[in-house]
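Visitor: Structure incoming, see below.
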Amino acid sequence: MKCTCSMVPPNVKIIKVGETEVGIIDLVKTIKEVYFLKIEDEARIKEKLLEKVKANNSIPPDRESLYGEALLREYFSYVERRFGVKKVSAPPVKQESRGFFRFLKKFKRGRGGKNKK
């Protein structure tokens, strides 16, 4: 049965995947869960987002790459809006392990944290 009220449920977020708009169930909840896993690597973030979104949403196998890019874009957009931290470009290879901690320092500074140096 099709809904005729034309209202989107509160737990569904409409995002653009390629040229199509799709509704993703529990996207904000999923983004928060992935954010608090403290993953640094973008590829791993995308993988985790796809894994969690697939649990409640149908994703065609041939469009997984498009969904992954769209989910990553929404992830960084949400993190910037919610926490006021812009996406930091990937750190050089020798500093890779410190990238997340620099991100946290910027986050704490922006939110009035104790690490103001």
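Each chain in the structure tokens gets a letter, A, B, ..., in the order shown, and its residues are numbered from 1; ligands are numbered from 1 in order too.
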Quick one: residues within 12 Å of Leu66 (chain A), only C-alpha atoms counted, chain neighbours fewer than 2 positions away excluded, as a VMD selection string?
Guide: chain A and resid 15 to 22 46 50 59 to 64 68 to 73
Visitor: What does the file look like for those residues with N, CA and C atoms, as a PDB file, in the first residue's frame?
Guide:
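Contents of the output file again_38.pdb:
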```pdb
ATOM      1  N   ILE A  15      18.490  11.596   0.529  1.00  0.00           N
ATOM      2  CA  ILE A  15      19.800  12.044   0.041  1.00  0.00           C
ATOM      3  C   ILE A  15      19.879  11.799  -1.461  1.00  0.00           C
ATOM      4  N   LYS A  16      20.805  12.477  -2.087  1.00  0.00           N
ATOM      5  CA  LYS A  16      21.024  12.318  -3.524  1.00  0.00           C
ATOM      6  C   LYS A  16      22.103  11.261  -3.743  1.00  0.00           C
ATOM      7  N   VAL A  17      21.738  10.213  -4.483  1.00  0.00           N
ATOM      8  CA  VAL A  17      22.665   9.142  -4.837  1.00  0.00           C
ATOM      9  C   VAL A  17      22.755   9.140  -6.355  1.00  0.00           C
ATOM     10  N   GLY A  18      23.867   9.614  -6.869  1.00  0.00           N
ATOM     11  CA  GLY A  18      23.976   9.789  -8.316  1.00  0.00           C
ATOM     12  C   GLY A  18      23.003  10.881  -8.743  1.00  0.00           C
ATOM     13  N   GLU A  19      22.109  10.553  -9.641  1.00  0.00           N
ATOM     14  CA  GLU A  19      21.096  11.508 -10.107  1.00  0.00           C
ATOM     15  C   GLU A  19      19.736  11.256  -9.463  1.00  0.00           C
ATOM     16  N   THR A  20      19.673  10.335  -8.515  1.00  0.00           N
ATOM     17  CA  THR A  20      18.413   9.930  -7.906  1.00  0.00           C
ATOM     18  C   THR A  20      18.372  10.322  -6.441  1.00  0.00           C
ATOM     19  N   GLU A  21      17.188  10.688  -5.960  1.00  0.00           N
ATOM     20  CA  GLU A  21      17.008  10.937  -4.535  1.00  0.00           C
ATOM     21  C   GLU A  21      16.423   9.679  -3.907  1.00  0.00           C
ATOM     22  N   VAL A  22      17.022   9.252  -2.800  1.00  0.00           N
ATOM     23  CA  VAL A  22      16.555   8.047  -2.116  1.00  0.00           C
ATOM     24  C   VAL A  22      16.389   8.336  -0.627  1.00  0.00           C
ATOM     25  N   LYS A  46      33.533   4.752   4.889  1.00  0.00           N
ATOM     26  CA  LYS A  46      32.560   4.443   3.845  1.00  0.00           C
ATOM     27  C   LYS A  46      32.086   2.992   3.963  1.00  0.00           C
ATOM     28  N   LEU A  50      28.217   1.864   4.756  1.00  0.00           N
ATOM     29  CA  LEU A  50      27.488   0.951   3.869  1.00  0.00           C
ATOM     30  C   LEU A  50      26.996  -0.282   4.627  1.00  0.00           C
ATOM     31  N   ILE A  59      20.100  -1.851  -0.954  1.00  0.00           N
ATOM     32  CA  ILE A  59      21.052  -1.165  -1.834  1.00  0.00           C
ATOM     33  C   ILE A  59      21.394  -2.112  -2.978  1.00  0.00           C
ATOM     34  N   PRO A  60      21.081  -1.715  -4.212  1.00  0.00           N
ATOM     35  CA  PRO A  60      21.429  -2.570  -5.353  1.00  0.00           C
ATOM     36  C   PRO A  60      22.944  -2.747  -5.446  1.00  0.00           C
ATOM     37  N   PRO A  61      23.424  -3.967  -5.644  1.00  0.00           N
ATOM     38  CA  PRO A  61      24.873  -4.224  -5.695  1.00  0.00           C
ATOM     39  C   PRO A  61      25.615  -3.365  -6.724  1.00  0.00           C
ATOM     40  N   ASP A  62      24.972  -3.083  -7.861  1.00  0.00           N
ATOM     41  CA  ASP A  62      25.636  -2.293  -8.894  1.00  0.00           C
ATOM     42  C   ASP A  62      25.702  -0.802  -8.559  1.00  0.00           C
ATOM     43  N   ARG A  63      25.037  -0.370  -7.486  1.00  0.00           N
ATOM     44  CA  ARG A  63      25.047   1.040  -7.090  1.00  0.00           C
ATOM     45  C   ARG A  63      25.734   1.274  -5.747  1.00  0.00           C
ATOM     46  N   GLU A  64      26.381   0.245  -5.211  1.00  0.00           N
ATOM     47  CA  GLU A  64      27.038   0.376  -3.912  1.00  0.00           C
ATOM     48  C   GLU A  64      28.077   1.487  -3.897  1.00  0.00           C
ATOM     49  N   GLY A  68      28.001   4.584  -1.460  1.00  0.00           N
ATOM     50  CA  GLY A  68      29.140   4.827  -0.582  1.00  0.00           C
ATOM     51  C   GLY A  68      29.596   6.273  -0.638  1.00  0.00           C
ATOM     52  N   GLU A  69      29.706   6.825  -1.840  1.00  0.00           N
ATOM     53  CA  GLU A  69      30.113   8.234  -1.993  1.00  0.00           C
ATOM     54  C   GLU A  69      29.083   9.172  -1.375  1.00  0.00           C
ATOM     55  N   ALA A  70      27.800   8.881  -1.615  1.00  0.00           N
ATOM     56  CA  ALA A  70      26.735   9.728  -1.066  1.00  0.00           C
ATOM     57  C   ALA A  70      26.716   9.664   0.459  1.00  0.00           C
ATOM     58  N   LEU A  71      26.889   8.477   1.009  1.00  0.00           N
ATOM     59  CA  LEU A  71      26.893   8.325   2.466  1.00  0.00           C
ATOM     60  C   LEU A  71      28.091   9.034   3.095  1.00  0.00           C
ATOM     61  N   LEU A  72      29.243   8.945   2.451  1.00  0.00           N
ATOM     62  CA  LEU A  72      30.432   9.627   2.960  1.00  0.00           C
ATOM     63  C   LEU A  72      30.234  11.142   2.927  1.00  0.00           C
ATOM     64  N   ARG A  73      29.652  11.642   1.847  1.00  0.00           N
ATOM     65  CA  ARG A  73      29.358  13.079   1.732  1.00  0.00           C
ATOM     66  C   ARG A  73      28.415  13.518   2.851  1.00  0.00           C
TER      67      ARG A  73
END
```
Visitor: Name all residues at most 10 Å from Leu49 (chain A) (count only C-alpha atoms; drop same-chain ones fewer than 6 positions away) and give them as a list in words.
Guide: Leu27, Thr30, Ile31, Glu33, Val34, Tyr35, Ala43, Tyr67, Gly68, Leu71, Leu72 and Tyr75 of chain A
Visitor: Identify, with DSSP run on backbone atoms, the residues in region 38-80 of chain A assigned to alpha helix (DSSP H), and express the list as a PyMOL selection string.
Guide: chain A and resi 42-54+64-80
Visitor: Quick one: distance from CA of Leu37 (chain A) to CA of Val8 (chain A) in Å, one decimal?
Guide: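 Distance between the two atoms: 28.6 Å.
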